[in-house]
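Raw input37.cif, mmCIF, C-alpha atoms:
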```cif
data_structure
#
loop_
_atom_site.label_atom_id
_atom_site.label_comp_id
_atom_site.auth_asym_id
_atom_site.auth_seq_id
_atom_site.Cartn_x
_atom_site.Cartn_y
_atom_site.Cartn_z
CA MET S 1 -80.04 -44.13 -4.04
CA SER S 2 -81.19 -46.98 -6.35
CA VAL S 3 -79.03 -49.14 -8.58
CA LYS S 4 -80.57 -50.83 -11.61
CA PRO S 5 -79.52 -54.39 -12.43
CA HIS S 6 -78.19 -53.46 -15.86
CA GLU S 7 -75.75 -51.06 -14.25
CA LEU S 8 -73.82 -53.92 -12.70
CA ARG S 9 -71.43 -56.19 -14.59
CA PRO S 10 -72.44 -59.81 -15.26
CA ARG S 11 -72.05 -62.36 -12.48
CA GLY S 12 -68.60 -63.73 -12.06
CA ARG S 13 -66.82 -60.40 -12.78
CA LYS S 14 -65.96 -57.57 -10.38
CA PRO S 15 -68.97 -55.24 -10.07
CA CYS S 16 -68.47 -51.85 -11.70
CA MET S 17 -70.95 -49.04 -12.27
CA ARG S 18 -70.87 -47.56 -15.73
CA LEU S 19 -70.17 -43.86 -16.29
CA THR S 20 -73.69 -43.29 -17.60
CA GLY S 21 -75.07 -44.93 -14.47
CA MET S 22 -73.05 -42.62 -12.20
CA LEU S 23 -74.10 -39.55 -14.14
CA GLY S 24 -77.72 -40.63 -14.16
CA GLU S 25 -77.73 -41.30 -10.42
CA ALA S 26 -76.07 -37.95 -9.71
CA VAL S 27 -78.61 -36.11 -11.87
CA ARG S 28 -81.52 -37.89 -10.15
CA ASP S 29 -80.15 -37.04 -6.71
CA LEU S 30 -79.80 -33.38 -7.71
CA ILE S 31 -83.27 -33.17 -9.26
CA THR S 32 -85.10 -34.96 -6.45
CA GLY S 33 -83.39 -32.93 -3.73
CA THR S 34 -81.49 -35.83 -2.21
CA THR S 35 -78.28 -33.80 -2.43
CA HIS S 36 -79.89 -30.65 -0.93
CA ALA S 37 -77.94 -28.77 -3.60
CA CYS S 38 -79.86 -25.49 -3.35
CA ALA S 39 -79.42 -25.12 0.40
CA LEU S 40 -75.76 -26.09 0.20
CA ALA S 41 -75.08 -23.71 -2.70
CA VAL S 42 -76.67 -20.79 -0.85
CA SER S 43 -74.74 -21.64 2.32
CA LEU S 44 -71.45 -21.77 0.43
CA ALA S 45 -72.26 -18.53 -1.40
CA CYS S 46 -72.91 -16.77 1.93
CA LEU S 47 -69.61 -18.10 3.28
CA ILE S 48 -67.68 -16.91 0.23
CA ALA S 49 -69.39 -13.51 0.18
CA LEU S 50 -68.73 -12.98 3.89
CA LEU S 51 -65.05 -13.88 3.76
CA ALA S 52 -64.32 -12.24 0.40
CA GLY S 53 -66.28 -9.14 1.40
CA ALA S 54 -64.35 -8.81 4.65
CA ASP S 55 -61.05 -9.16 2.80
CA TRP S 56 -62.12 -6.64 0.19
CA MET S 57 -63.13 -4.09 2.86
CA THR S 58 -59.77 -4.52 4.56
CA ILE S 59 -57.87 -4.07 1.30
CA ALA S 60 -60.02 -1.04 0.42
CA GLY S 61 -59.17 0.49 3.79
CA ILE S 62 -55.45 0.01 3.15
CA GLN S 63 -55.88 1.56 -0.29
CA ARG S 64 -57.67 4.59 1.17
CA GLN S 65 -54.95 5.03 3.77
CA THR S 66 -52.32 4.85 1.04
CA ASP S 67 -54.17 7.33 -1.20
CA GLU S 68 -54.54 9.80 1.67
CA TYR S 69 -50.87 9.46 2.57
CA VAL S 70 -49.68 10.05 -0.98
CA ALA S 71 -52.18 12.82 -1.77
CA SER S 72 -51.29 14.73 1.40
CA GLY S 73 -47.62 14.83 0.40
CA GLY S 74 -46.30 12.06 2.64
CA SER S 75 -44.38 10.58 -0.28
CA THR S 76 -43.38 13.94 -1.80
CA TRP S 77 -39.80 15.07 -1.21
CA VAL S 78 -38.59 18.66 -1.38
CA LEU S 79 -35.01 19.74 -2.06
CA GLU S 80 -34.45 23.34 -0.93
CA TYR S 81 -31.39 25.13 -2.25
CA ASN S 82 -32.01 28.83 -2.77
CA ASP S 83 -31.37 29.88 -6.40
CA HIS S 84 -29.41 26.69 -7.10
CA ILE S 85 -31.98 24.31 -8.59
CA ASP S 86 -31.82 23.36 -12.27
CA GLY S 87 -35.44 23.31 -13.43
CA ALA S 88 -34.84 21.04 -16.43
CA ALA S 89 -32.86 18.54 -14.34
CA CYS S 90 -35.59 18.54 -11.70
CA ASP S 91 -38.33 17.87 -14.27
CA ARG S 92 -36.30 15.01 -15.77
CA LEU S 93 -36.47 13.15 -12.47
CA ALA S 94 -40.03 12.25 -13.43
CA SER S 95 -38.62 9.69 -15.86
CA LEU S 96 -37.23 7.57 -13.01
CA ASP S 97 -39.04 4.45 -11.84
CA GLY S 98 -41.43 5.13 -8.98
CA VAL S 99 -41.54 8.89 -9.61
CA GLN S 100 -45.05 10.09 -10.47
CA ALA S 101 -44.16 13.75 -11.04
CA SER S 102 -41.39 16.23 -10.32
CA GLY S 103 -40.81 19.93 -10.87
CA ALA S 104 -39.08 23.06 -9.65
CA VAL S 105 -40.58 26.00 -7.75
CA ARG S 106 -39.44 29.50 -6.90
CA GLN S 107 -41.19 32.36 -5.15
CA THR S 108 -41.38 35.78 -6.77
CA ASP S 109 -41.85 39.25 -5.38
CA GLU S 110 -44.90 39.81 -7.56
CA SER S 111 -48.56 39.32 -6.72
CA LEU S 112 -51.77 38.95 -8.67
CA VAL S 113 -54.11 41.80 -7.81
CA PHE S 114 -57.59 41.11 -9.12
CA ALA S 115 -59.92 43.90 -10.11
CA ALA S 116 -62.62 42.48 -7.83
CA LEU S 117 -60.24 42.56 -4.82
CA PRO S 118 -57.88 45.49 -5.46
CA SER S 119 -56.65 45.63 -1.86
CA THR S 120 -55.43 42.03 -1.74
CA GLY S 121 -52.66 40.42 -3.71
CA VAL S 122 -52.13 36.70 -4.33
CA PRO S 123 -48.44 35.69 -4.08
CA ILE S 124 -47.04 34.23 -7.31
CA TYR S 125 -44.83 31.15 -7.46
CA GLU S 126 -43.13 30.34 -10.74
CA THR S 127 -43.09 26.62 -11.49
CA THR S 128 -41.96 24.25 -14.19
CA PRO S 129 -44.63 22.17 -15.99
CA GLY S 130 -43.67 19.16 -13.88
CA ALA S 131 -44.34 21.04 -10.65
CA LEU S 132 -47.88 21.79 -11.82
CA ALA S 133 -48.37 18.03 -12.12
CA VAL S 134 -47.19 17.59 -8.52
CA PHE S 135 -49.75 20.11 -7.27
CA ALA S 136 -52.52 18.69 -9.44
CA LEU S 137 -51.85 15.12 -8.26
CA GLY S 138 -51.92 16.34 -4.69
CA THR S 139 -55.42 17.62 -5.36
CA THR S 140 -56.94 14.60 -7.10
CA GLY S 141 -54.76 11.72 -5.99
CA THR S 142 -54.72 10.51 -9.61
CA GLN S 143 -53.21 11.58 -12.89
CA SER S 144 -54.50 14.95 -13.94
CA GLU S 145 -54.64 16.82 -17.20
CA TYR S 146 -50.99 17.73 -16.64
CA GLY S 147 -50.10 14.04 -16.58
CA ALA S 148 -46.84 12.67 -15.27
CA GLY S 149 -43.55 11.49 -16.68
CA ASP S 150 -40.88 13.58 -18.39
CA LEU S 151 -42.36 17.05 -18.79
CA SER S 152 -39.12 18.92 -19.34
CA SER S 153 -39.86 19.40 -23.03
CA ALA S 154 -43.59 20.05 -22.68
CA PRO S 155 -44.84 23.46 -23.81
CA PRO S 156 -45.67 25.90 -21.00
CA ILE S 157 -49.29 25.88 -19.87
CA GLN S 158 -51.03 29.18 -20.37
CA GLY S 159 -52.56 30.87 -17.35
CA VAL S 160 -52.10 30.23 -13.65
CA MET S 161 -53.21 27.64 -11.15
CA LEU S 162 -54.94 29.07 -8.11
CA SER S 163 -55.20 27.54 -4.68
CA THR S 164 -58.69 26.79 -3.41
CA ASP S 165 -58.60 29.75 -1.01
CA ALA S 166 -57.41 32.14 -3.73
CA ALA S 167 -60.07 30.94 -6.18
CA ALA S 168 -62.94 30.88 -3.68
CA PRO S 169 -63.88 34.62 -3.81
CA PHE S 170 -64.35 34.39 -7.59
CA ARG S 171 -65.58 30.82 -7.71
CA ALA S 172 -62.87 30.40 -10.31
CA GLN S 173 -62.67 27.22 -12.34
CA SER S 174 -60.37 25.85 -15.01
CA GLY S 175 -60.76 27.80 -18.24
CA GLN S 176 -62.14 30.93 -16.59
CA ARG S 177 -60.66 34.36 -17.31
CA LEU S 178 -60.28 36.89 -14.50
CA ALA S 179 -59.64 40.63 -14.74
CA LEU S 180 -56.64 42.16 -12.98
CA LYS S 181 -56.41 45.58 -11.34
CA ASP S 182 -53.97 46.87 -13.97
CA GLY S 183 -56.44 46.11 -16.78
CA ARG S 184 -54.93 42.86 -17.94
CA ASN S 185 -56.63 39.48 -17.85
CA VAL S 186 -55.36 36.14 -16.62
CA ASP S 187 -56.59 32.68 -17.52
CA VAL S 188 -57.12 30.09 -14.80
CA SER S 189 -55.63 26.76 -15.89
CA GLY S 190 -56.72 24.89 -12.76
CA VAL S 191 -57.44 24.95 -9.04
CA PHE S 192 -55.47 22.94 -6.49
CA ASP S 193 -56.23 22.04 -2.88
CA TRP S 194 -53.80 22.90 -0.12
CA PRO S 195 -55.43 22.05 3.22
CA GLU S 196 -53.78 22.75 6.55
CA ASP S 197 -53.03 19.08 7.24
CA GLY S 198 -49.35 19.40 8.09
CA ARG S 199 -47.94 19.94 4.63
CA LYS S 200 -45.48 22.74 3.80
CA ALA S 201 -46.98 26.16 4.48
CA GLY S 202 -47.15 29.06 2.05
CA PHE S 203 -49.27 27.61 -0.75
CA SER S 204 -52.76 27.72 0.75
CA TYR S 205 -53.21 31.22 -0.75
CA ALA S 206 -51.08 31.33 -3.86
CA ALA S 207 -50.97 31.39 -7.66
CA LEU S 208 -48.71 29.10 -9.70
CA ALA S 209 -47.38 30.61 -12.91
CA PRO S 210 -45.77 28.12 -15.32
CA VAL S 211 -42.41 28.94 -16.87
CA PRO S 212 -40.21 26.83 -19.18
CA ALA S 213 -38.16 24.20 -17.37
CA GLY S 214 -35.06 25.41 -19.21
CA SER S 215 -35.34 28.93 -17.80
CA GLU S 216 -31.99 30.66 -17.33
CA ASP S 217 -32.91 31.75 -13.81
CA ALA S 218 -32.41 29.05 -11.19
CA PHE S 219 -35.15 27.77 -8.90
CA SER S 220 -35.16 27.42 -5.13
CA GLN S 221 -37.00 24.12 -4.63
CA CYS S 222 -37.30 20.79 -6.42
CA TRP S 223 -40.36 18.69 -5.62
CA VAL S 224 -40.54 14.96 -6.36
CA ARG S 225 -43.66 12.87 -5.75
CA THR S 226 -42.89 9.15 -5.55
CA TRP S 227 -44.93 5.99 -5.13
CA PRO S 228 -43.99 3.37 -4.33
CA GLN S 229 -41.31 5.06 -2.32
CA THR S 230 -37.77 4.84 -3.67
CA THR S 231 -35.01 4.18 -1.16
CA ASP S 232 -32.39 6.33 -2.89
CA ILE S 233 -34.69 9.24 -3.76
CA GLU S 234 -32.78 11.69 -1.52
CA SER S 235 -29.50 11.15 -3.36
CA LEU S 236 -31.26 11.27 -6.73
CA LEU S 237 -33.00 14.47 -5.74
CA ARG S 238 -29.68 16.19 -5.14
CA LEU S 239 -28.83 15.70 -8.82
CA ALA S 240 -31.13 18.63 -9.54
CA ALA S 241 -28.94 20.98 -7.49
CA ASP S 242 -26.39 23.31 -9.03
CA ASN S 243 -23.28 22.63 -6.94
CA ARG S 244 -21.25 25.61 -8.09
CA ALA S 245 -19.29 27.31 -5.35
CA THR S 246 -21.13 29.85 -3.28
CA ASP S 247 -20.19 32.21 -0.51
CA SER S 248 -20.04 31.00 3.06
CA THR S 249 -23.39 32.58 3.89
CA GLN S 250 -25.26 30.32 1.46
CA ALA S 251 -27.41 27.81 3.34
CA PRO S 252 -26.60 24.19 2.41
CA PRO S 253 -29.18 22.15 0.48
CA THR S 254 -31.76 20.35 2.59
CA VAL S 255 -34.07 17.46 1.72
CA SER S 256 -37.31 16.88 3.60
CA ARG S 257 -40.78 15.44 3.16
CA LEU S 258 -43.60 17.73 2.17
CA ASN S 259 -45.80 16.37 4.96
CA THR S 260 -44.78 14.26 7.96
CA SER S 261 -48.06 14.46 9.88
CA LYS S 262 -49.11 10.98 8.69
CA GLY S 263 -45.84 9.35 9.64
CA ALA S 264 -42.31 9.23 8.34
CA ALA S 265 -43.10 6.31 6.05
CA LEU S 266 -45.96 4.06 5.03
CA ASP S 267 -45.27 0.44 4.11
CA SER S 268 -48.49 -0.45 2.31
CA ALA S 269 -47.00 -3.75 1.11
CA PHE S 270 -46.50 -4.83 4.73
CA LEU S 271 -50.00 -3.69 5.66
CA PHE S 272 -51.38 -5.79 2.79
CA SER S 273 -49.40 -8.92 3.59
CA SER S 274 -50.03 -8.73 7.36
CA ARG S 275 -53.75 -7.95 7.21
CA LEU S 276 -55.91 -10.19 9.38
CA THR S 277 -58.16 -11.18 6.50
CA ALA S 278 -55.20 -12.62 4.57
CA ALA S 279 -56.22 -15.92 6.22
CA ALA S 280 -59.66 -15.77 4.55
CA PRO S 281 -58.80 -18.48 1.96
CA TRP S 282 -57.72 -20.88 4.71
CA VAL S 283 -60.86 -20.15 6.70
CA ALA S 284 -62.91 -20.78 3.56
CA LEU S 285 -61.08 -24.06 3.02
CA VAL S 286 -61.76 -25.32 6.55
CA ILE S 287 -65.40 -24.24 6.78
CA SER S 288 -66.33 -25.42 3.29
CA ALA S 289 -64.62 -28.75 3.99
CA ALA S 290 -66.71 -29.10 7.12
CA LEU S 291 -69.83 -28.20 5.12
CA GLY S 292 -69.05 -30.79 2.45
CA PHE S 293 -68.23 -33.42 5.04
CA VAL S 294 -71.40 -32.92 7.09
CA ALA S 295 -73.65 -32.72 4.01
CA THR S 296 -72.24 -35.99 2.65
CA ARG S 297 -71.96 -37.74 6.02
CA MET S 298 -75.70 -37.28 6.53
CA ARG S 299 -76.17 -39.65 3.59
CA ARG S 300 -74.04 -42.43 5.09
CA LEU S 301 -76.98 -44.89 5.25
CA GLU S 302 -77.69 -44.29 1.57
CA MET S 303 -74.04 -44.74 0.64
CA ALA S 304 -73.62 -47.88 2.79
CA SER S 305 -76.71 -49.37 1.13
CA ALA S 306 -75.23 -48.68 -2.30
CA LEU S 307 -72.00 -50.38 -1.27
CA HIS S 308 -73.99 -53.32 0.02
CA CYS S 309 -75.71 -53.60 -3.37
CA GLY S 310 -72.33 -53.95 -5.06
CA VAL S 311 -71.56 -50.39 -6.11
CA PRO S 312 -67.75 -49.92 -6.00
CA LYS S 313 -66.54 -47.22 -3.66
CA THR S 314 -64.68 -45.55 -6.52
CA ALA S 315 -67.92 -45.24 -8.47
CA LEU S 316 -69.72 -43.96 -5.40
CA LEU S 317 -66.93 -41.44 -4.80
CA ALA S 318 -67.10 -40.23 -8.40
CA GLN S 319 -70.87 -39.77 -8.15
CA ILE S 320 -70.68 -37.80 -4.90
CA MET S 321 -67.87 -35.67 -6.35
CA MET S 322 -70.06 -34.79 -9.34
CA GLU S 323 -72.92 -33.78 -7.09
CA THR S 324 -70.63 -31.76 -4.81
CA LEU S 325 -68.99 -30.06 -7.76
CA VAL S 326 -72.39 -28.91 -9.01
CA TRP S 327 -73.53 -27.27 -5.77
CA SER S 328 -70.08 -25.87 -4.87
CA LEU S 329 -69.64 -24.24 -8.27
CA SER S 330 -73.20 -22.94 -8.06
CA GLY S 331 -72.38 -21.35 -4.71
CA ALA S 332 -69.27 -19.73 -6.16
CA LEU S 333 -71.32 -18.46 -9.09
CA LEU S 334 -73.90 -16.94 -6.74
CA ALA S 335 -71.10 -15.00 -5.00
CA SER S 336 -69.43 -13.93 -8.27
CA PRO S 337 -71.13 -10.48 -8.49
CA LEU S 338 -68.70 -9.23 -5.80
CA PRO S 339 -65.47 -9.53 -7.85
CA ALA S 340 -67.37 -8.49 -10.98
CA TRP S 341 -68.49 -5.29 -9.26
CA ILE S 342 -64.94 -4.59 -8.01
CA TRP S 343 -63.61 -5.04 -11.55
CA LEU S 344 -66.12 -2.58 -12.99
CA ALA S 345 -65.88 -0.03 -10.17
CA GLY S 346 -62.10 0.19 -9.70
CA SER S 347 -59.13 0.89 -11.92
CA VAL S 348 -57.77 -2.05 -13.90
CA ALA S 349 -54.49 -2.26 -11.97
CA GLU S 350 -56.06 -2.04 -8.51
CA ALA S 351 -58.98 -4.30 -9.41
CA SER S 352 -56.67 -6.98 -10.77
CA ALA S 353 -54.69 -7.12 -7.53
CA VAL S 354 -57.79 -7.20 -5.33
CA ILE S 355 -59.62 -9.78 -7.44
CA GLY S 356 -56.54 -11.98 -7.41
CA ALA S 357 -56.73 -12.09 -3.61
CA LEU S 358 -60.50 -12.64 -3.56
CA LEU S 359 -60.41 -15.45 -6.11
CA CYS S 360 -58.32 -17.46 -3.65
CA VAL S 361 -61.38 -17.53 -1.38
CA PHE S 362 -63.56 -18.83 -4.23
CA VAL S 363 -61.08 -21.53 -5.26
CA THR S 364 -60.34 -22.78 -1.75
CA ALA S 365 -64.05 -22.88 -0.91
CA VAL S 366 -64.75 -25.21 -3.85
CA ILE S 367 -61.69 -27.34 -3.08
CA GLY S 368 -62.70 -27.54 0.57
CA ALA S 369 -66.23 -28.71 -0.27
CA LEU S 370 -64.88 -31.42 -2.56
CA SER S 371 -62.30 -32.52 0.02
CA GLY S 372 -64.86 -32.74 2.81
CA ALA S 373 -67.27 -34.72 0.66
CA ALA S 374 -64.52 -37.11 -0.42
CA ALA S 375 -63.48 -37.69 3.20
CA ALA S 376 -67.08 -38.49 4.15
CA VAL S 377 -67.36 -41.08 1.37
CA LEU S 378 -64.05 -42.72 2.23
CA LEU S 379 -65.06 -43.00 5.90
CA THR S 380 -68.32 -44.76 5.03
CA ARG S 381 -68.21 -48.54 5.59
CA GLU S 382 -70.56 -51.16 4.26
CA SER S 383 -69.96 -53.18 7.45
CA ARG S 384 -71.60 -50.41 9.49
CA LEU S 385 -74.85 -50.50 7.54
CA LEU S 386 -76.90 -51.78 10.48
CA ARG S 387 -75.36 -49.20 12.82
CA TYR S 388 -76.19 -46.42 10.36
CA PHE S 389 -79.74 -47.78 10.13
CA ARG S 390 -80.20 -47.78 13.93
CA ASN S 391 -78.77 -44.26 14.27
CA ARG S 392 -80.61 -42.73 11.34
#
```
Show me this structure written as structure tokens.
Amino acid sequence: MSVKPHELRPRGRKPCMRLTGMLGEAVRDLITGTTHACALAVSLACLIALLAGADWMTIAGIQRQTDEYVASGGSTWVLEYNDHIDGAACDRLASLDGVQASGAVRQTDESLVFAALPSTGVPIYETTPGALAVFALGTTGTQSEYGAGDLSSAPPIQGVMLSTDAAAPFRAQSGQRLALKDGRNVDVSGVFDWPEDGRKAGFSYAALAPVPAGSEDAFSQCWVRTWPQTTDIESLLRLAADNRATDSTQAPPTVSRLNTSKGAALDSAFLFSSRLTAAAPWVALVISAALGFVATRMRRLEMASALHCGVPKTALLAQIMMETLVWSLSGALLASPLPAWIWLAGSVAEASAVIGALLCVFVTAVIGALSGAAAAVLLTRESRLLRYFRNR
């Protein structure tokens, strides 16, 4: 590091390096390779990518676990009260916070007998429009064409939804028309999955026929899919029941989960907050601080010589900070494709939450590099110039 005479104040006044002198010296150090900016930037980028990537993989695993839990029916509640469920009231539960979809279901004595399979009938379940949304969401794990929200006033969907097993012999798809044994035709409005993964039995081979939510005939079940899970959902679910007096043989209403095979409850917020990689920003802070300290400490002879020539330590500190800021920001920029890819690949809501966590790694890595470099400068002493020279 060289200091030109004109960069020092006149004799008799306290020496002070001008701002242009500091900038010029920092630029020269970066251009000539004195700072080793390229190697340091790549090292910091690898550190950020490793820690941020590990945190992202952990968060993605929690998200997959949550999606599987919700899609399998772990967060879907079923109120069973034979012929005492108000379909319109059940569908209106979808307007509550945390409820993705809700609807009423009842089994009929009828079956769909297709012309191609005249010896086999597919049991028919009558459902409200909201119940179709529950089944569709269980298939895709996301909002479907049936949507979510208050569907009590939505027009009935024409046709029937078939389970995967019922649609398989015909390779039926949404929009397809199938011939029945009695000469009529039926339109297929969709196909839903119902695997044998512990969820309520009876729908793996079935047809769902939509009926108006305000139907005069009562339903037997009210299904509510929630996420995040609502603590008082059981009491709210009972609002869909018709509590008129019945005879003593009537079974009381029961509330249960659609699927308990994946556990009684899933606290994804706790899994997120207690994940091991939540400490990634702190690890980035410590390692990047060590990197900045070592990289700057290796230049202690150069810095001590500058101090001996009359360069104030504040000016030297400002110069080193400028150099460190350049290579630390360059390292963060090299690792930036990771959050950019997450933003483009995921949904806006999920990507925003994940990127918020990953950006902490980027910020702490830059702060750590600057802190380590500053500590190295402050620990450099002009009085140790000869010792630095002997130990170089």
> How many Å separate atom CA of Met22 of chain S from atom CA of Thr296 of chain S?
Replying inline: 16.3 Å
>> Can you tell me which residues surround Ala376 of chain S at a distance of at most 8 Å, considering all atoms listed in the file, apart from same-chain residues fewer than 6 positions away, and format the answer as number ranges by chain?
In response: S: 293-294, 296-297
>> Taking the file as I've supplied it (selection: the PyMOL selection byres ((chain S and resi 327) around 8)), which residues are included? Please answer as an MDAnalysis selection string.
In response: chainID S and resid 37:38 40:41 323:326 328:331
> Got a sec: who's within 6 Å of Ala369 of chain S, counting all atoms listed in the file, leaving out chain neighbours fewer than 4 positions off, as an MDAnalysis selection string?
Replying inline: chainID S and resid 288:289 292
Per residue of segment 265-367 of chain S within 8 Å of segment 63-74 of chain S, record the nearest atom pair and its distance in Å to one decimal, counting all atoms listed in the file, with rows in chain order and ascending residue number, as a Markdown table.
```
| residue | atom | partner | partner_atom | distance |
| --- | --- | --- | --- | --- |
| S:Ala265 | CA | S:Gly74 | CA | 7.4 |
| S:Leu266 | CA | S:Thr66 | CA | 7.5 |
| S:Ser268 | CA | S:Thr66 | CA | 6.7 |
```
>> Neighbouring residues of Leu117 of chain S were defined as those with any atom within 9 Å, considering only C-alpha atoms; residues of the same chain fewer than 6 positions away were excluded. Please report them as JSON, numbers by chain.
In response: {"S": [169, 180, 181]}
>> I need the residue nearest Thr108 of chain S from this list: S:Phe272, S:Tyr125, S:Phe362, S:Tyr205. Use only C-alpha atoms for the distance.
In response: S:Tyr125
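Nearest to Ala240 of chain S of all the residues S:Asp267, S:Glu80, S:Asp197, S:Glu126 is S:Glu80, based on all atoms listed in the file.
In this structure, atom CA of Val105 of chain S sits 10.1 Å away from atom CA of Leu79 of chain S.
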